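The file coords29.cif contains mmCIF, C-alpha atoms:
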```
data_data
loop_
_atom_site.label_atom_id
_atom_site.label_comp_id
_atom_site.auth_asym_id
_atom_site.auth_seq_id
_atom_site.Cartn_x
_atom_site.Cartn_y
_atom_site.Cartn_z
CA MET A 391 0.00 0.00 0.00
CA ASN A 392 1.42 3.38 -0.92
CA TYR A 393 0.93 6.77 0.70
CA PHE A 394 -2.02 7.77 -1.51
CA HIS A 395 -3.87 4.51 -0.82
CA ALA A 396 -3.35 5.06 2.91
CA ILE A 397 -4.77 8.60 2.67
CA ALA A 398 -7.86 7.35 0.81
CA ILE A 399 -8.47 4.58 3.32
CA ALA A 400 -8.01 6.99 6.23
CA ALA A 401 -10.54 9.40 4.70
CA ILE A 402 -13.11 6.63 4.27
CA LEU A 403 -12.56 5.32 7.79
CA THR A 404 -12.75 8.82 9.22
CA SER A 405 -16.08 9.34 7.48
CA ILE A 406 -17.46 6.03 8.76
CA LEU A 407 -16.13 6.29 12.29
CA THR A 408 -17.14 9.89 12.92
CA SER A 409 -20.50 10.01 11.14
CA GLY A 410 -23.38 11.00 13.38
CA GLY A 411 -25.88 8.47 12.01
CA SER A 412 -27.61 6.03 14.32
CA CYS A 413 -25.76 3.05 12.78
CA HIS A 414 -22.23 4.44 13.12
CA LYS A 415 -21.86 6.23 16.43
CA SER A 416 -18.31 7.07 17.50
CA CYS A 417 -17.04 5.24 20.53
CA ARG A 418 -13.79 4.74 22.39
CA THR A 419 -12.83 1.77 20.20
CA ASN A 420 -13.31 3.84 17.06
CA ALA A 421 -11.37 6.76 18.56
CA SER A 422 -8.52 4.41 19.42
CA LEU A 423 -8.56 2.99 15.89
CA MET A 424 -8.48 6.51 14.44
CA LYS A 425 -5.50 7.45 16.60
CA SER A 426 -3.67 4.36 15.36
CA ILE A 427 -4.43 5.20 11.72
CA GLN A 428 -3.37 8.82 12.21
CA TYR A 429 -0.12 7.68 13.82
CA GLN A 430 0.66 5.34 10.90
CA LEU A 431 -0.09 8.13 8.42
CA LYS A 432 2.18 10.47 10.36
CA LEU A 433 5.01 7.95 9.99
CA VAL A 434 4.46 7.88 6.21
CA GLU A 435 4.19 11.69 6.00
CA ASP A 436 7.44 12.12 7.97
CA ASN A 437 9.15 10.21 5.16
CA ASP A 438 7.78 12.63 2.51
CA GLY A 439 5.35 9.95 1.42
CA LYS A 440 8.18 7.68 0.29
CA CYS A 441 8.49 4.11 1.47
CA ASP A 442 11.43 1.84 0.76
CA CYS A 443 10.06 -1.56 1.70
CA ASN A 444 13.44 -3.23 1.19
CA GLN A 445 15.15 -1.01 3.74
CA SER A 446 15.12 -1.95 7.41
CA PRO A 447 15.23 0.70 10.12
CA SER A 448 18.70 1.33 11.52
CA THR A 449 17.49 0.85 15.09
CA PRO A 450 14.66 -1.61 15.41
CA SER A 451 11.91 -0.22 17.63
CA SER A 452 10.45 -3.71 18.05
CA GLY A 453 13.75 -5.07 19.38
CA LYS A 454 13.70 -7.72 16.64
CA VAL A 455 16.96 -8.28 14.80
CA GLY A 456 17.62 -10.95 12.20
CA PHE A 457 19.24 -11.54 8.85
CA LEU A 458 19.67 -14.27 6.21
CA VAL A 459 22.16 -13.79 3.40
CA SER A 460 23.62 -15.91 0.60
CA ASN A 461 25.79 -15.43 -2.48
CA SER A 462 24.67 -14.64 -6.00
CA LYS A 463 27.65 -16.55 -7.41
CA ASP A 464 30.29 -19.10 -6.50
CA LEU A 465 33.43 -17.86 -4.73
CA GLN A 466 36.91 -19.05 -5.69
CA ASN A 467 40.49 -18.59 -4.50
CA ILE A 468 39.86 -16.21 -1.64
CA GLY A 469 42.89 -15.42 0.51
CA ASN A 470 43.37 -16.33 4.15
CA GLY A 471 41.68 -13.86 6.55
CA ALA A 472 39.46 -12.28 3.88
CA ILE A 473 35.84 -11.61 4.82
CA VAL A 474 33.31 -13.74 2.95
CA VAL A 475 30.87 -11.19 1.56
CA PHE A 476 27.39 -12.67 1.18
CA ASP A 477 25.85 -10.26 -1.33
CA THR A 478 22.25 -11.46 -1.57
CA VAL A 479 20.03 -10.35 1.31
CA THR A 480 16.85 -12.32 1.96
CA THR A 481 16.10 -10.79 5.36
CA ASN A 482 17.75 -7.91 7.22
CA ILE A 483 15.45 -6.85 10.05
CA GLY A 484 17.17 -4.09 11.98
CA GLY A 485 19.58 -3.33 9.14
CA GLY A 486 22.61 -4.82 10.92
CA TYR A 487 24.06 -6.78 7.97
CA ASP A 488 26.03 -4.78 5.39
CA LYS A 489 26.07 -6.65 2.07
CA SER A 490 28.89 -4.48 0.74
CA THR A 491 31.30 -5.48 3.53
CA GLY A 492 29.93 -8.82 4.74
CA VAL A 493 29.86 -7.56 8.33
CA PHE A 494 26.97 -7.71 10.80
CA THR A 495 26.97 -4.87 13.35
CA ALA A 496 24.87 -5.20 16.51
CA ARG A 497 22.56 -2.19 16.79
CA VAL A 498 21.52 -3.16 20.32
CA ASP A 499 23.04 -5.11 23.23
CA GLY A 500 21.84 -8.67 23.60
CA LEU A 501 22.28 -12.39 23.13
CA TYR A 502 22.61 -13.38 19.46
CA TYR A 503 22.58 -16.68 17.56
CA PHE A 504 24.60 -17.08 14.34
CA THR A 505 24.89 -19.96 11.91
CA TRP A 506 26.53 -20.44 8.55
CA THR A 507 26.69 -23.23 6.01
CA VAL A 508 29.24 -23.72 3.27
CA LEU A 509 29.02 -26.18 0.37
CA THR A 510 32.17 -26.97 -1.60
CA TYR A 511 32.72 -28.96 -4.79
CA THR A 512 34.28 -32.38 -5.14
CA GLY A 513 38.03 -32.15 -4.52
CA LYS A 514 37.79 -28.56 -3.19
CA THR A 515 37.90 -26.89 0.24
CA PHE A 516 36.46 -23.78 1.84
CA TYR A 517 37.50 -23.36 5.48
CA THR A 518 35.90 -20.48 7.37
CA LYS A 519 35.66 -18.99 10.85
CA LEU A 520 33.22 -16.75 12.69
CA ILE A 521 34.89 -13.63 14.06
CA LEU A 522 33.48 -11.42 16.82
CA ASN A 523 35.37 -8.14 16.56
CA ASP A 524 38.91 -9.61 16.27
CA THR A 525 38.32 -12.87 18.15
CA ILE A 526 37.85 -16.28 16.52
CA ILE A 527 34.67 -17.82 17.95
CA ALA A 528 34.09 -20.93 15.80
CA ARG A 529 35.46 -22.65 12.69
CA ASN A 530 33.79 -24.45 9.80
CA HIS A 531 35.61 -27.14 7.80
CA ALA A 532 34.09 -27.77 4.36
CA GLY A 533 36.73 -30.03 2.85
CA ALA A 534 36.10 -32.41 -0.04
CA GLU A 535 39.72 -33.08 -1.07
CA GLY A 536 40.11 -36.69 -2.11
CA MET A 537 36.33 -37.18 -2.14
CA SER A 538 34.01 -37.89 -5.03
CA THR A 539 31.13 -35.83 -3.66
CA TYR A 540 30.24 -32.32 -2.60
CA MET A 541 30.95 -31.47 1.04
CA PRO A 542 28.62 -29.31 3.14
CA SER A 543 29.58 -28.01 6.55
CA SER A 544 27.64 -25.96 9.09
CA GLN A 545 28.54 -24.26 12.34
CA SER A 546 26.75 -22.04 14.85
CA ALA A 547 27.43 -19.89 17.90
CA VAL A 548 25.55 -18.03 20.62
CA LEU A 549 27.19 -14.72 21.54
CA GLN A 550 26.60 -11.96 24.05
CA MET A 551 27.11 -8.78 22.04
CA SER A 552 27.26 -5.10 22.86
CA LYS A 553 26.04 -2.32 20.62
CA ASN A 554 28.46 -1.82 17.67
CA ASP A 555 30.17 -5.23 18.09
CA LYS A 556 30.88 -6.77 14.69
CA VAL A 557 30.57 -10.34 13.42
CA SER A 558 31.81 -11.69 10.10
CA ILE A 559 32.71 -14.93 8.37
CA ARG A 560 36.35 -15.03 7.27
CA ILE A 561 38.52 -17.45 5.38
CA SER A 562 40.43 -19.70 7.76
CA SER A 563 42.72 -21.16 5.11
CA ASN A 564 42.74 -20.30 1.41
CA GLY A 565 39.15 -20.59 0.18
CA LYS A 566 39.40 -22.67 -2.95
CA TYR A 567 35.72 -23.01 -3.89
CA MET A 568 32.36 -22.22 -2.28
CA ILE A 569 29.12 -22.90 -4.13
CA GLY A 570 26.88 -19.84 -4.18
CA ASP A 571 23.16 -19.38 -4.80
CA THR A 572 21.31 -20.52 -1.66
CA TRP A 573 23.62 -23.47 -0.96
CA SER A 574 25.93 -21.40 1.23
CA THR A 575 24.31 -19.04 3.73
CA PHE A 576 24.99 -16.89 6.81
CA SER A 577 22.28 -15.90 9.26
CA GLY A 578 21.79 -14.55 12.73
CA PHE A 579 19.22 -13.14 15.07
CA LYS A 580 18.84 -11.59 18.51
CA ILE A 581 17.43 -14.08 21.00
#
```
What is this structure when it is put down as C-alpha cells?
Amino acid sequence: MNYFHAIAIAAILTSILTSGGSCHKSCRTNASLMKSIQYQLKLVEDNDGKCDCNQSPSTPSSGKVGFLVSNSKDLQNIGNGAIVVFDTVTTNIGGGYDKSTGVFTARVDGLYYFTWTVLTYTGKTFYTKLILNDTIIARNHAGAEGMSTYMPSSQSAVLQMSKNDKVSIRISSNGKYMIGDTWSTFSGFKI
C-alpha cells in the first residue's frame, strides 16, 4: 500500500467512524482505531510519502533483529583472513548486515545466535571462521579433497554482544571453492 492509498483509506474510515448516524456512532474503540491510523499516516508523512520496503530501520523499535544472506555466485580462490561477503540479502530486520562489507553490526546489546553453512565442490575446500570483533569464535571445515562428492559443513554460535560489536565470516585457510546461490548461507538473530 502506498501513501495515496493510505490517505484514501483513512478518509473513508474517518467518514465512517465519525459520522453522526444512528448506525455508526463514534465510541472509544473507534477513537482508538483513528489514533492508530493517524499515527501510521504520520510515519508515512514524515518520510515525505516515500516508502522503501526493502530497507530496514537502523534501530529496530520492536527489538527484533535478524538476517539471512547468501551469495549470488560461487566464490573461488579467496585469501586467508578475507571476509566472505554474502551479497544477496533475503532478510535484514534491523539493518545490521552490510552486504557491501559482509559484516553484521549489533545495533543493540543482547544475546545473538549465528549460523553459517558452506558447500564446496568435489576435490575442493572452503574453510571459514566466525569472528566477533577480532576474536575467533568458531570454525567451519568444508573439505572435499580426495572425495568424489560435494561437502557441506555448518557451524553455529551463541554470543553476548554489545552495541556496535561486529561479526563476520572469514577465510580460515585459502578458500578454494564455495558454491553460491542458496547453498551457502549466513544468518543470525537476537534471542
### Message
Once the PyMOL selection byres ((chain A and resi 525) around 12) is applied to the coordinates I shared, what remains selected? I want it as a PyMOL selection string.
### Response
chain A and resi 519-524+526-529+549+555-560
For the selection just defined, write its residues with C-alpha atoms to a file, as a short mmCIF file (atom, residue, chain, number, x, y, z; two decimals), keeping the file's coordinate frame.
```
data_model
loop_
_atom_site.label_atom_id
_atom_site.label_comp_id
_atom_site.auth_asym_id
_atom_site.auth_seq_id
_atom_site.Cartn_x
_atom_site.Cartn_y
_atom_site.Cartn_z
CA LYS A 519 35.66 -18.99 10.85
CA LEU A 520 33.22 -16.75 12.69
CA ILE A 521 34.89 -13.63 14.06
CA LEU A 522 33.48 -11.42 16.82
CA ASN A 523 35.37 -8.14 16.56
CA ASP A 524 38.91 -9.61 16.27
CA ILE A 526 37.85 -16.28 16.52
CA ILE A 527 34.67 -17.82 17.95
CA ALA A 528 34.09 -20.93 15.80
CA ARG A 529 35.46 -22.65 12.69
CA LEU A 549 27.19 -14.72 21.54
CA ASP A 555 30.17 -5.23 18.09
CA LYS A 556 30.88 -6.77 14.69
CA VAL A 557 30.57 -10.34 13.42
CA SER A 558 31.81 -11.69 10.10
CA ILE A 559 32.71 -14.93 8.37
CA ARG A 560 36.35 -15.03 7.27
#
```
Step by step, work through what the PyMOL selection byres ((chain A and resi 573) around 10) selects in the shown file, and finish by giving those residues as a PDB file with C-alpha atoms, in the frame of the given file.
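The resulting out_6.pdb:
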```pdb
ATOM      1  CA  SER A 460      23.620 -15.910   0.600  1.00  0.00           C
ATOM      2  CA  ASN A 461      25.790 -15.430  -2.480  1.00  0.00           C
ATOM      3  CA  ASP A 464      30.290 -19.100  -6.500  1.00  0.00           C
ATOM      4  CA  THR A 507      26.690 -23.230   6.010  1.00  0.00           C
ATOM      5  CA  VAL A 508      29.240 -23.720   3.270  1.00  0.00           C
ATOM      6  CA  LEU A 509      29.020 -26.180   0.370  1.00  0.00           C
ATOM      7  CA  THR A 510      32.170 -26.970  -1.600  1.00  0.00           C
ATOM      8  CA  PRO A 542      28.620 -29.310   3.140  1.00  0.00           C
ATOM      9  CA  MET A 568      32.360 -22.220  -2.280  1.00  0.00           C
ATOM     10  CA  ILE A 569      29.120 -22.900  -4.130  1.00  0.00           C
ATOM     11  CA  GLY A 570      26.880 -19.840  -4.180  1.00  0.00           C
ATOM     12  CA  ASP A 571      23.160 -19.380  -4.800  1.00  0.00           C
ATOM     13  CA  THR A 572      21.310 -20.520  -1.660  1.00  0.00           C
ATOM     14  CA  SER A 574      25.930 -21.400   1.230  1.00  0.00           C
ATOM     15  CA  THR A 575      24.310 -19.040   3.730  1.00  0.00           C
TER      16      THR A 575
END
```
### Message
Need to verify the contact set: Trp506 in chain A, 6 Å, all atoms listed in the file, exclusion of same-chain residues closer than 3 positions in sequence. Can you return it as a count of residues only?
### Response
4
#### Entry: Pairwise distance for CA of Val493 in chain A and CA of Val475 in chain A, rounded to one decimal in Å
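Distance between the two atoms: 7.7 Å.
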### Pairwise distance for CA of Ser546 in chain A and CA of Lys489 in chain A, rounded to one decimal in Å
20.0 Å
### Straight-line distance linking CA of Gly471 in chain A with CA of Thr491 in chain A, stated in Å to one decimal
13.7 Å
### Message
Calculated over all atoms listed in the file, which of the candidates A:Ile561, A:Leu465, A:Ala534, A:Val474 has the smallest distance to Phe494 in chain A?
### Response
A:Val474
### Message
Counting all atoms listed in the file, which residue out of A:Gly533, A:Val459, A:Asp488, A:Gly453 sits closest to Thr505 in chain A?
### Response
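Of A:Gly533, A:Val459, A:Asp488, A:Gly453, the one nearest Thr505 in chain A, counting all atoms listed in the file, is A:Val459.
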### Message
With distances taken over all atoms listed in the file, which residue among A:Thr539, A:Thr495, A:Ser563, A:Gln550 lies nearest Asn482 in chain A?
### Response
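Looking at the shortest contact to Asn482 in chain A, the residue is A:Thr495.
Remark: for Ala496 in chain A, the closest of the candidate residues A:Lys580, A:Lys553, A:Lys514, A:Lys566 is A:Lys553 (distances computed over all atoms listed in the file).
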### Query
In terms of the shortest atom-to-atom distance over only C-alpha atoms, which of A:Leu458, A:Met551, A:Met537, A:Val498 is closest to Ile483 in chain A?
A:Leu458
#### Entry: Nearest residue to Ser538 in chain A from the set A:Thr512, A:Asn554, A:Ser562, A:Thr518 (distances using all atoms listed in the file)
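Of A:Thr512, A:Asn554, A:Ser562, A:Thr518, the one nearest Ser538 in chain A is A:Thr512, counting all atoms listed in the file.
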